[in-house]
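Heads up: the structure comes next, in C-alpha coordinates.
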Amino acid sequence: EAGVAQSPRYKIIEKRQSVAFWCNPISGHATLYWYQQILGQGPKLLIQFQNNGVVDDSQLPKDRFSAERLKGVDSTLKIQPAKLEDSAVYLCASSHPGRGVNTEAFFGQGTRLTVV
Amino acid sequence: GNSVTQMEGPVTLSEEAFLTINCTYTATGYPSLFWYVQYPGEGLQLLLKATKADDKGSNKGFEATYRKETTSFHLEKGSVQVSDSAVYFCALRANTGGFKTIFGAGTRLFVKA
(Lines give C-alpha, C1' and ligand atoms only; values in the text may rest on other atoms or scores of the structure.)
Protein backbone atom coordinates (compact mmCIF):
# COMPACT_ATOMS: atom_id res chain seq x y z
CA GLU A 1 0.00 0.00 0.00
CA ALA A 2 1.09 3.56 -0.58
CA GLY A 3 2.58 5.31 2.42
CA VAL A 4 1.94 8.70 3.95
CA ALA A 5 2.85 11.41 1.47
CA GLN A 6 4.16 14.81 2.50
CA SER A 7 5.31 17.85 0.61
CA PRO A 8 7.49 19.75 0.31
CA ARG A 9 10.52 17.82 1.62
CA TYR A 10 12.44 20.96 2.42
CA LYS A 11 11.54 24.59 2.96
CA ILE A 12 13.62 27.61 3.88
CA ILE A 13 11.84 30.83 4.83
CA GLU A 14 12.63 34.04 6.61
CA LYS A 15 11.20 34.75 10.03
CA ARG A 16 7.77 36.36 9.98
CA GLN A 17 6.94 34.71 6.65
CA SER A 18 4.23 32.09 6.34
CA VAL A 19 4.54 28.48 5.22
CA ALA A 20 2.22 25.54 4.60
CA PHE A 21 2.80 21.81 4.61
CA TRP A 22 0.64 19.18 2.98
CA CYS A 23 -0.07 15.60 3.97
CA ASN A 24 -1.95 12.74 2.32
CA PRO A 25 -2.46 9.82 4.71
CA ILE A 26 -2.71 6.14 3.93
CA SER A 27 -6.03 5.33 2.31
CA GLY A 28 -8.64 4.34 4.86
CA HIS A 29 -6.78 5.80 7.83
CA ALA A 30 -9.26 8.07 9.54
CA THR A 31 -6.80 9.31 12.17
CA LEU A 32 -4.15 11.82 11.14
CA TYR A 33 -1.43 13.39 13.27
CA TRP A 34 1.02 16.25 12.88
CA TYR A 35 4.22 16.06 14.90
CA GLN A 36 7.06 18.55 15.34
CA GLN A 37 10.56 17.09 15.67
CA ILE A 38 13.19 19.57 16.76
CA LEU A 39 16.78 18.50 16.10
CA GLY A 40 17.98 16.12 18.78
CA GLN A 41 14.53 15.55 20.27
CA GLY A 42 11.72 13.07 19.86
CA PRO A 43 8.62 13.94 17.88
CA LYS A 44 6.06 16.03 19.75
CA LEU A 45 2.38 15.78 18.86
CA LEU A 46 0.91 19.06 17.64
CA ILE A 47 -2.57 18.03 16.55
CA GLN A 48 -4.66 14.92 16.01
CA PHE A 49 -7.63 14.59 13.67
CA GLN A 50 -10.30 11.93 13.54
CA ASN A 51 -11.79 12.24 10.05
CA ASN A 52 -12.16 16.01 9.71
CA GLY A 53 -12.63 16.73 13.42
CA VAL A 54 -9.92 17.75 15.88
CA VAL A 55 -9.36 15.27 18.71
CA ASP A 56 -6.45 16.98 20.42
CA ASP A 57 -4.71 20.26 19.67
CA SER A 58 -3.51 21.01 23.19
CA GLN A 59 0.14 21.27 22.10
CA LEU A 60 -0.51 23.42 19.02
CA PRO A 61 0.65 27.06 19.37
CA LYS A 62 -2.60 28.45 18.11
CA ASP A 63 -1.41 32.02 17.88
CA ARG A 64 0.70 31.06 14.85
CA PHE A 65 -0.06 27.47 13.88
CA SER A 66 -3.24 26.23 12.23
CA ALA A 67 -4.23 22.94 10.66
CA GLU A 68 -7.20 21.67 8.75
CA ARG A 69 -8.50 18.48 7.26
CA LEU A 70 -11.57 19.63 5.41
CA LYS A 71 -12.67 16.46 3.63
CA GLY A 72 -11.31 13.98 6.16
CA VAL A 73 -8.42 12.95 3.90
CA ASP A 74 -5.64 15.43 3.08
CA SER A 75 -4.42 17.87 5.67
CA THR A 76 -2.48 21.11 5.69
CA LEU A 77 -0.46 22.62 8.53
CA LYS A 78 0.28 26.33 8.36
CA ILE A 79 2.62 28.58 10.31
CA GLN A 80 2.06 32.32 10.19
CA PRO A 81 4.21 34.14 11.10
CA ALA A 82 7.19 31.81 11.48
CA LYS A 83 9.77 32.20 14.23
CA LEU A 84 13.34 30.96 14.36
CA GLU A 85 12.36 28.33 16.94
CA ASP A 86 9.93 26.77 14.46
CA SER A 87 12.88 25.27 12.61
CA ALA A 88 12.19 21.55 12.80
CA VAL A 89 11.01 18.54 10.84
CA TYR A 90 7.23 18.37 10.60
CA LEU A 91 6.00 14.82 10.45
CA CYS A 92 2.59 13.64 9.37
CA ALA A 93 1.33 10.24 10.47
CA SER A 94 -1.85 8.25 10.09
CA SER A 95 -3.42 5.24 11.72
CA HIS A 96 -6.51 3.11 11.55
CA PRO A 97 -8.62 4.03 14.60
CA GLY A 98 -10.52 0.79 14.68
CA ARG A 99 -7.42 -1.13 15.73
CA GLY A 100 -6.86 0.77 18.94
CA VAL A 101 -3.55 0.89 20.78
CA ASN A 102 -2.25 -2.26 19.14
CA THR A 103 -1.63 -0.74 15.75
CA GLU A 104 1.17 1.62 14.97
CA ALA A 105 1.08 5.04 13.41
CA PHE A 106 2.64 5.23 9.95
CA PHE A 107 4.85 8.21 9.24
CA GLY A 108 5.68 10.25 6.20
CA GLN A 109 9.22 11.36 5.40
CA GLY A 110 8.60 14.77 6.88
CA THR A 111 9.16 18.37 5.83
CA ARG A 112 12.35 19.95 7.08
CA LEU A 113 11.68 23.63 7.79
CA THR A 114 14.50 26.10 8.28
CA VAL A 115 13.60 29.60 9.45
CA VAL A 116 16.37 32.15 8.94
CA GLY B 1 0.69 11.75 32.30
CA ASN B 2 2.18 9.25 29.90
CA SER B 3 5.88 9.54 29.13
CA VAL B 4 8.87 7.65 27.77
CA THR B 5 12.46 7.92 28.96
CA GLN B 6 15.34 6.41 27.05
CA MET B 7 19.07 6.41 27.51
CA GLU B 8 20.96 9.35 26.15
CA GLY B 9 23.27 8.93 23.23
CA PRO B 10 25.21 8.82 21.24
CA VAL B 11 26.08 5.17 21.57
CA THR B 12 29.19 4.17 19.63
CA LEU B 13 29.92 0.50 19.02
CA SER B 14 32.18 -1.57 16.85
CA GLU B 15 30.66 -3.91 14.30
CA GLU B 16 29.45 -7.21 15.80
CA ALA B 17 29.19 -5.73 19.30
CA PHE B 18 26.13 -6.28 21.50
CA LEU B 19 23.64 -3.45 21.69
CA THR B 20 21.30 -2.43 24.49
CA ILE B 21 19.29 0.78 24.48
CA ASN B 22 17.31 1.26 27.67
CA CYS B 23 13.74 2.51 27.68
CA THR B 24 11.31 2.97 30.55
CA TYR B 25 7.80 4.32 30.46
CA THR B 26 5.07 5.80 32.61
CA ALA B 27 1.52 5.17 31.57
CA THR B 28 -1.97 4.67 32.86
CA GLY B 29 -3.86 1.67 31.62
CA TYR B 30 -2.35 -0.80 29.17
CA PRO B 31 -0.29 0.85 26.47
CA SER B 32 1.36 -0.79 23.52
CA LEU B 33 5.10 -0.24 23.17
CA PHE B 34 7.13 0.41 20.04
CA TRP B 35 10.62 0.98 18.77
CA TYR B 36 10.93 3.21 15.72
CA VAL B 37 14.13 3.79 13.74
CA GLN B 38 15.13 6.84 11.75
CA TYR B 39 17.93 6.37 9.25
CA PRO B 40 19.79 9.46 8.02
CA GLY B 41 17.59 11.54 5.74
CA GLU B 42 14.59 9.25 6.11
CA GLY B 43 11.32 9.21 8.02
CA LEU B 44 10.38 7.16 11.05
CA GLN B 45 9.97 3.45 10.45
CA LEU B 46 8.47 0.95 12.83
CA LEU B 47 11.15 -1.50 13.96
CA LEU B 48 9.15 -3.68 16.35
CA LYS B 49 6.26 -3.61 18.77
CA ALA B 50 4.72 -5.42 21.75
CA THR B 51 1.11 -5.04 22.76
CA LYS B 52 0.92 -6.70 26.17
CA ALA B 53 3.03 -7.65 29.15
CA ASP B 54 5.73 -10.28 28.52
CA ASP B 55 5.34 -9.99 24.75
CA LYS B 56 8.60 -9.94 22.82
CA GLY B 57 8.79 -7.91 19.64
CA SER B 58 11.50 -8.77 17.14
CA ASN B 59 12.65 -7.69 13.69
CA LYS B 60 15.95 -7.62 11.75
CA GLY B 61 17.81 -9.18 14.67
CA PHE B 62 16.51 -6.60 17.15
CA GLU B 63 14.27 -7.58 20.02
CA ALA B 64 12.58 -6.02 23.03
CA THR B 65 10.41 -7.48 25.79
CA TYR B 66 7.47 -5.65 27.38
CA ARG B 67 8.19 -5.76 31.13
CA LYS B 68 5.26 -4.43 33.08
CA GLU B 69 6.86 -5.05 36.49
CA THR B 70 9.80 -2.79 35.63
CA THR B 71 7.89 -0.60 33.12
CA SER B 72 10.67 -1.20 30.62
CA PHE B 73 11.08 -2.06 26.94
CA HIS B 74 14.82 -2.27 26.34
CA LEU B 75 16.06 -2.74 22.77
CA GLU B 76 18.76 -5.37 22.15
CA LYS B 77 20.69 -6.78 19.25
CA GLY B 78 23.34 -9.44 19.50
CA SER B 79 25.62 -8.26 16.71
CA VAL B 80 25.28 -4.79 15.21
CA GLN B 81 26.25 -3.81 11.69
CA VAL B 82 27.36 -0.50 10.23
CA SER B 83 23.99 -0.30 8.49
CA ASP B 84 22.28 -0.17 11.92
CA SER B 85 23.63 3.34 12.46
CA ALA B 86 20.52 5.44 13.01
CA VAL B 87 18.43 7.13 15.69
CA TYR B 88 16.20 4.81 17.69
CA PHE B 89 13.01 6.03 19.36
CA CYS B 90 11.09 4.21 22.05
CA ALA B 91 7.37 5.02 22.05
CA LEU B 92 4.12 4.09 23.69
CA ARG B 93 0.62 4.24 22.35
CA ALA B 94 -2.25 4.73 24.73
CA ASN B 95 -5.86 5.78 24.67
CA THR B 96 -5.87 9.23 26.23
CA GLY B 97 -8.82 10.90 24.61
CA GLY B 98 -7.91 9.27 21.31
CA PHE B 99 -5.04 6.95 20.50
CA LYS B 100 -1.75 8.83 20.63
CA THR B 101 1.86 7.80 20.17
CA ILE B 102 4.27 9.40 22.62
CA PHE B 103 7.99 9.28 21.92
CA GLY B 104 11.18 9.30 23.91
CA ALA B 105 13.96 11.70 22.98
CA GLY B 106 15.77 9.19 20.79
CA THR B 107 19.17 7.51 21.02
CA ARG B 108 21.68 7.91 18.21
CA LEU B 109 23.71 4.81 17.41
CA PHE B 110 27.00 4.90 15.54
CA VAL B 111 28.49 1.57 14.45
CA LYS B 112 32.13 1.58 13.34
CA ALA B 113 33.55 -0.91 10.87
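Here, A, B, ... name the chains of the C-alpha coordinates in the order displayed, residue numbers run from 1 inside each chain, and ligands are numbered from 1 in the same displayed order.
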Do a neighbour search on A:Tyr10 at 10 Å with only C-alpha atoms, toss out local chain neighbours closer than 3 positions, and write the hits as number ranges by chain.
A: 7, 21, 89, 110-114
Could you produce a table of the residues of chain A lying within 7 Å of chain B, with the nearest pair of atoms per residue and their separation in Å rounded to one decimal, using only C-alpha atoms, ordered by chain and increasing residue number, as JSON lines?
{"residue": "A:Gln41", "atom": "CA", "partner": "B:Ala105", "partner_atom": "CA", "distance": 4.7}
{"residue": "A:Gly42", "atom": "CA", "partner": "B:Ala105", "partner_atom": "CA", "distance": 4.1}
{"residue": "A:Pro43", "atom": "CA", "partner": "B:Phe103", "partner_atom": "CA", "distance": 6.2}
{"residue": "A:Val55", "atom": "CA", "partner": "B:Gly98", "partner_atom": "CA", "distance": 6.7}
{"residue": "A:Gly100", "atom": "CA", "partner": "B:Phe99", "partner_atom": "CA", "distance": 6.6}
{"residue": "A:Val101", "atom": "CA", "partner": "B:Arg93", "partner_atom": "CA", "distance": 5.6}
{"residue": "A:Asn102", "atom": "CA", "partner": "B:Thr51", "partner_atom": "CA", "distance": 5.7}
{"residue": "A:Phe107", "atom": "CA", "partner": "B:Leu44", "partner_atom": "CA", "distance": 5.9}
{"residue": "A:Gly108", "atom": "CA", "partner": "B:Gly43", "partner_atom": "CA", "distance": 6.0}
{"residue": "A:Gln109", "atom": "CA", "partner": "B:Gly43", "partner_atom": "CA", "distance": 4.0}
{"residue": "A:Gly110", "atom": "CA", "partner": "B:Gly43", "partner_atom": "CA", "distance": 6.3}
Would you please extract all strand (DSSP E) residues from chain B, as assigned by DSSP on the backbone, and give them as JSON, numbers by chain?
{"B": [3, 4, 5, 6, 11, 12, 13, 14, 19, 20, 21, 23, 24, 25, 26, 32, 33, 34, 35, 36, 37, 38, 44, 45, 46, 47, 48, 49, 50, 56, 57, 58, 59, 62, 63, 64, 65, 75, 76, 77, 86, 87, 88, 89, 90, 91, 92, 93, 94, 95, 99, 100, 101, 102, 103, 107, 108, 109, 110, 111, 112]}
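Nearest residue to A:Val19, choosing from A:Phe65, A:Ser95, A:Thr103, A:Ile79 and counting only C-alpha atoms: A:Ile79.
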One-decimal distance in Å that lies between atom CA of A:Gln50 and atom CA of A:His29:
9.1 Å
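Shell of A:Lys83 at 12 Å, with only C-alpha atoms counted and residues fewer than 6 places along the chain excluded, is Ile12, Ile13, Glu14, Lys15, Arg16, Gln17, Ser18, Val19, Pro61, Asp63, Arg64, Phe65, Leu113, Thr114, Val115 and Val116 of chain A.
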List as number ranges by chain the protein and nucleic acid residues near stretch 20-27 of chain B, meaning an atom at most 8 Å away when only C-alpha atoms are counted, but skip any in the same chain fewer than 5 places from it.
B: 1-7, 70-77, 90, 92, 94, 107
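Minimum atom-to-atom distances from B:Ala113, B:Glu63, B:Trp35, B:Pro40 to A:Ala105 were compared using only C-alpha atoms, and the lowest value belongs to B:Trp35.
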Go ahead and compute the interatomic distance for atom CA of B:Leu47 and atom CA of A:Ile47, in Å to one decimal.
24.0 Å
Could you check which of A:Ala30, A:Val73, A:Ala67, A:Ala93 is closest to A:Val4, using only C-alpha atoms?
A:Ala93
Using only C-alpha atoms, determine which residues lie at most 6 Å from A:Leu32, disregarding the query and same-chain residues fewer than 4 positions distant; provide the list as a ChimeraX atom specification.
/A:48-49,93-94
Do you have the atom CA of A:Lys11-atom CA of A:Gly53 distance handy?
27.5 Å
